Amino acid sequence: MLSRFHSITRLALMALSIFAAAGTALSLDLDGYTPAHAIGTADDEWWTAYPDQHENAGSSVEHLDWVIDDLKDKPVLLFVHSSNCKPCLAQMPRIQSAVDRFGDDIKYYDILAEDSGYEKALGILDVYDPDGATQYVPTTIFITLAKGPDGNVDVVWNSQIDAMSQDDIDSYVEDSIYYYKANRDSWS
């Protein structure tokens, strides 16, 4: 009887911890938050135009219409991958962890670059590939709103090719939420 009580108690505690973790995004306090990534052109910064390493460095980006529509509500996270690449398989649980933690504050798209999703993946990578040359999976794309070098609020983004650490994914997601909340009211 006592072991059954302990089992039920453990289940209840696990459920509470899952509930608390799911609520983290709703209670994410960004008042004292300092972004991990600045606005700029280096590969780890938020970009307003194609970054330094892109074949069209400095050129403006024609963001996808549906991404712009989603930015009216929250920042966007795109994960372009395939079902059989090892870096993709390593990245998938890390992305899912970020979505589980911050999902209420971001719009997430899981884009499988195979079969019916292949053309959509190519269209996304045509715009958001960080190099502008060869397209690779996995590519993780973070899109939000921030003040650009001219002081105006604009769409900013960053793309990373290959598997990322959980800390790197979380830092870009947290930055995207912070920048979005700080700038959404000034975006037109």
# chains A, B, ... in the order shown; residues from 1 in each chain; ligands from 1
call {"tool": "residues_around", "arguments": {"residues": "stretch 72-77 of chain A", "least_positions_apart": "3", "cutoff": "8 Å", "atoms": "only C-alpha atoms", "output": "MDAnalysis selection string"}}
result
chainID A and resid 67:69 105:109 140:145 173 176:177 180 184
call {"tool": "select_by_dssp", "arguments": {"residues": "chain A", "states": "alpha helix (DSSP H)", "output": "PyMOL selection string"}}
result
chain A and resi 2-22+65-70+86-102+118-128+166-183
call {"tool": "write_last_selection", "arguments": {"atoms": "C-alpha atoms", "output": "compact mmCIF listing (two decimals), in the first residue's frame"}}
result
# COMPACT_ATOMS: atom_id res chain seq x y z
CA LEU A 2 2.78 2.38 0.93
CA SER A 3 4.64 1.69 -2.34
CA ARG A 4 1.46 2.47 -4.30
CA PHE A 5 1.20 5.79 -2.42
CA HIS A 6 4.85 6.60 -3.30
CA SER A 7 4.20 5.74 -6.96
CA ILE A 8 1.14 7.97 -7.10
CA THR A 9 3.04 10.73 -5.32
CA ARG A 10 5.91 10.46 -7.81
CA LEU A 11 3.48 10.64 -10.74
CA ALA A 12 1.80 13.68 -9.25
CA LEU A 13 5.16 15.41 -8.73
CA MET A 14 6.24 14.59 -12.28
CA ALA A 15 2.97 15.98 -13.64
CA LEU A 16 3.45 19.17 -11.64
CA SER A 17 7.02 19.57 -12.90
CA ILE A 18 5.87 19.08 -16.50
CA PHE A 19 3.08 21.61 -15.97
CA ALA A 20 5.54 24.07 -14.44
CA ALA A 21 8.00 23.58 -17.31
CA ALA A 22 5.24 24.10 -19.88
CA ASP A 65 4.76 36.49 -47.03
CA TRP A 66 3.59 33.84 -44.56
CA VAL A 67 6.57 34.60 -42.30
CA ILE A 68 5.65 38.29 -42.29
CA ASP A 69 2.05 37.34 -41.46
CA ASP A 70 3.20 35.17 -38.54
CA LYS A 86 22.66 12.32 -38.47
CA PRO A 87 22.96 16.04 -37.58
CA CYS A 88 19.20 16.39 -38.17
CA LEU A 89 18.48 13.52 -35.82
CA ALA A 90 20.76 15.10 -33.20
CA GLN A 91 19.06 18.50 -33.59
CA MET A 92 15.44 17.28 -33.45
CA PRO A 93 15.20 16.67 -29.67
CA ARG A 94 16.95 19.98 -28.98
CA ILE A 95 14.49 21.87 -31.14
CA GLN A 96 11.61 20.02 -29.50
CA SER A 97 12.95 20.94 -26.06
CA ALA A 98 12.98 24.63 -27.04
CA VAL A 99 9.47 24.36 -28.48
CA ASP A 100 8.25 22.64 -25.32
CA ARG A 101 9.77 25.39 -23.22
CA PHE A 102 8.96 28.48 -25.32
CA TYR A 118 10.75 19.30 -50.46
CA GLU A 119 9.59 22.31 -52.52
CA LYS A 120 8.60 24.27 -49.40
CA ALA A 121 12.02 23.54 -47.87
CA LEU A 122 13.80 24.74 -51.02
CA GLY A 123 11.73 27.94 -51.03
CA ILE A 124 12.63 28.64 -47.42
CA LEU A 125 16.32 27.89 -47.96
CA ASP A 126 16.36 30.08 -51.09
CA VAL A 127 15.58 33.01 -48.81
CA TYR A 128 17.16 32.06 -45.47
CA GLN A 166 20.74 23.29 -26.67
CA ASP A 167 22.22 26.46 -25.16
CA ASP A 168 22.66 28.05 -28.60
CA ILE A 169 19.12 27.20 -29.67
CA ASP A 170 17.68 28.51 -26.41
CA SER A 171 19.72 31.72 -26.61
CA TYR A 172 18.40 32.53 -30.09
CA VAL A 173 14.83 31.70 -29.07
CA GLU A 174 15.08 33.80 -25.90
CA ASP A 175 16.61 36.66 -27.92
CA SER A 176 13.82 36.40 -30.50
CA ILE A 177 11.18 36.64 -27.78
CA TYR A 178 12.96 39.55 -26.09
CA TYR A 179 13.47 41.53 -29.30
CA TYR A 180 9.92 40.80 -30.43
CA LYS A 181 8.31 41.96 -27.18
CA ALA A 182 10.49 45.08 -27.13
CA ASN A 183 9.73 46.07 -30.74
call {"tool": "closest_residue", "arguments": {"among": "A:Leu71, A:Cys85, A:Ala133, A:Ala146", "to": "A:Ala57", "atoms": "only C-alpha atoms"}}
result
A:Ala133
call {"tool": "residues_around", "arguments": {"residues": "A:Thr139", "least_positions_apart": "4", "cutoff": "7 Å", "atoms": "only C-alpha atoms", "output": "list in words"}}
result
Phe79, Val80, His81, Ser159, Gln160, Ile161 and Asp162 of chain A
call {"tool": "write_last_selection", "arguments": {"atoms": "N, CA and C atoms", "output": "CSV table (one decimal), in the first residue's frame"}}
result
chain,number,residue,atom,x,y,z
A,79,PHE,N,12.6,24.9,-38.7
A,79,PHE,CA,13.6,23.9,-38.7
A,79,PHE,C,13.5,23.0,-39.9
A,80,VAL,N,14.5,23.2,-40.8
A,80,VAL,CA,14.4,22.4,-42.1
A,80,VAL,C,15.4,21.3,-42.0
A,81,HIS,N,14.9,20.1,-42.2
A,81,HIS,CA,15.7,18.9,-41.9
A,81,HIS,C,15.2,17.7,-42.8
A,159,SER,N,20.3,32.3,-39.3
A,159,SER,CA,20.2,30.9,-39.7
A,159,SER,C,21.5,30.2,-39.4
A,160,GLN,N,21.3,29.0,-38.9
A,160,GLN,CA,22.5,28.1,-38.5
A,160,GLN,C,22.4,26.8,-39.2
A,161,ILE,N,23.5,26.4,-39.9
A,161,ILE,CA,23.5,25.1,-40.6
A,161,ILE,C,24.2,24.1,-39.6
A,162,ASP,N,23.7,22.9,-39.6
A,162,ASP,CA,24.2,21.8,-38.8
A,162,ASP,C,23.6,21.8,-37.5
call {"tool": "atom_distance", "arguments": {"atom1": "atom CA of A:Ser60", "atom2": "atom CA of A:Ala113"}}
result
25.4 Å
call {"tool": "residues_around", "arguments": {"residues": "A:Asp131", "least_positions_apart": "3", "cutoff": "7 Å", "atoms": "only C-alpha atoms", "output": "list in words"}}
result
Gln53, His54 and Glu55 of chain A
call {"tool": "write_last_selection", "arguments": {"atoms": "C-alpha atoms", "output": "compact mmCIF listing (two decimals), in the first residue's frame"}}
result
# COMPACT_ATOMS: atom_id res chain seq x y z
CA GLN A 53 29.30 35.15 -45.38
CA HIS A 54 26.40 35.25 -47.88
CA GLU A 55 27.13 35.53 -51.59
call {"tool": "select_by_dssp", "arguments": {"residues": "stretch 13-182 of chain A", "states": "strand (DSSP E)", "output": "ChimeraX atom specification"}}
result
/A:76-81,107-112,139-147,153-161
call {"tool": "atom_distance", "arguments": {"atom1": "atom CA of A:Gly148", "atom2": "atom CA of A:Trp187"}}
result
11.5 Å
call {"tool": "closest_atom_pairs", "arguments": {"of": "stretch 71-188 of chain A", "to": "stretch 38-52 of chain A", "cutoff": "6 Å", "atoms": "only C-alpha atoms", "output": "tab-separated table"}}
result
residue	atom	partner	partner_atom	distance
A:Val156	CA	A:Thr48	CA	4.8
A:Trp157	CA	A:Trp47	CA	5.2
A:Asn158	CA	A:Trp46	CA	5.3
call {"tool": "atom_distance", "arguments": {"atom1": "atom CA of A:Asp104", "atom2": "atom CA of A:Gly151"}}
result
28.3 Å
call {"tool": "closest_residue", "arguments": {"among": "A:Asp129, A:Val137, A:Val153, A:His37", "to": "A:Leu112", "atoms": "only C-alpha atoms"}}
result
A:Val137
call {"tool": "closest_residue", "arguments": {"among": "A:Pro138, A:Ser116, A:Gly132, A:Leu64", "to": "A:Ser82", "atoms": "only C-alpha atoms"}}
result
A:Pro138
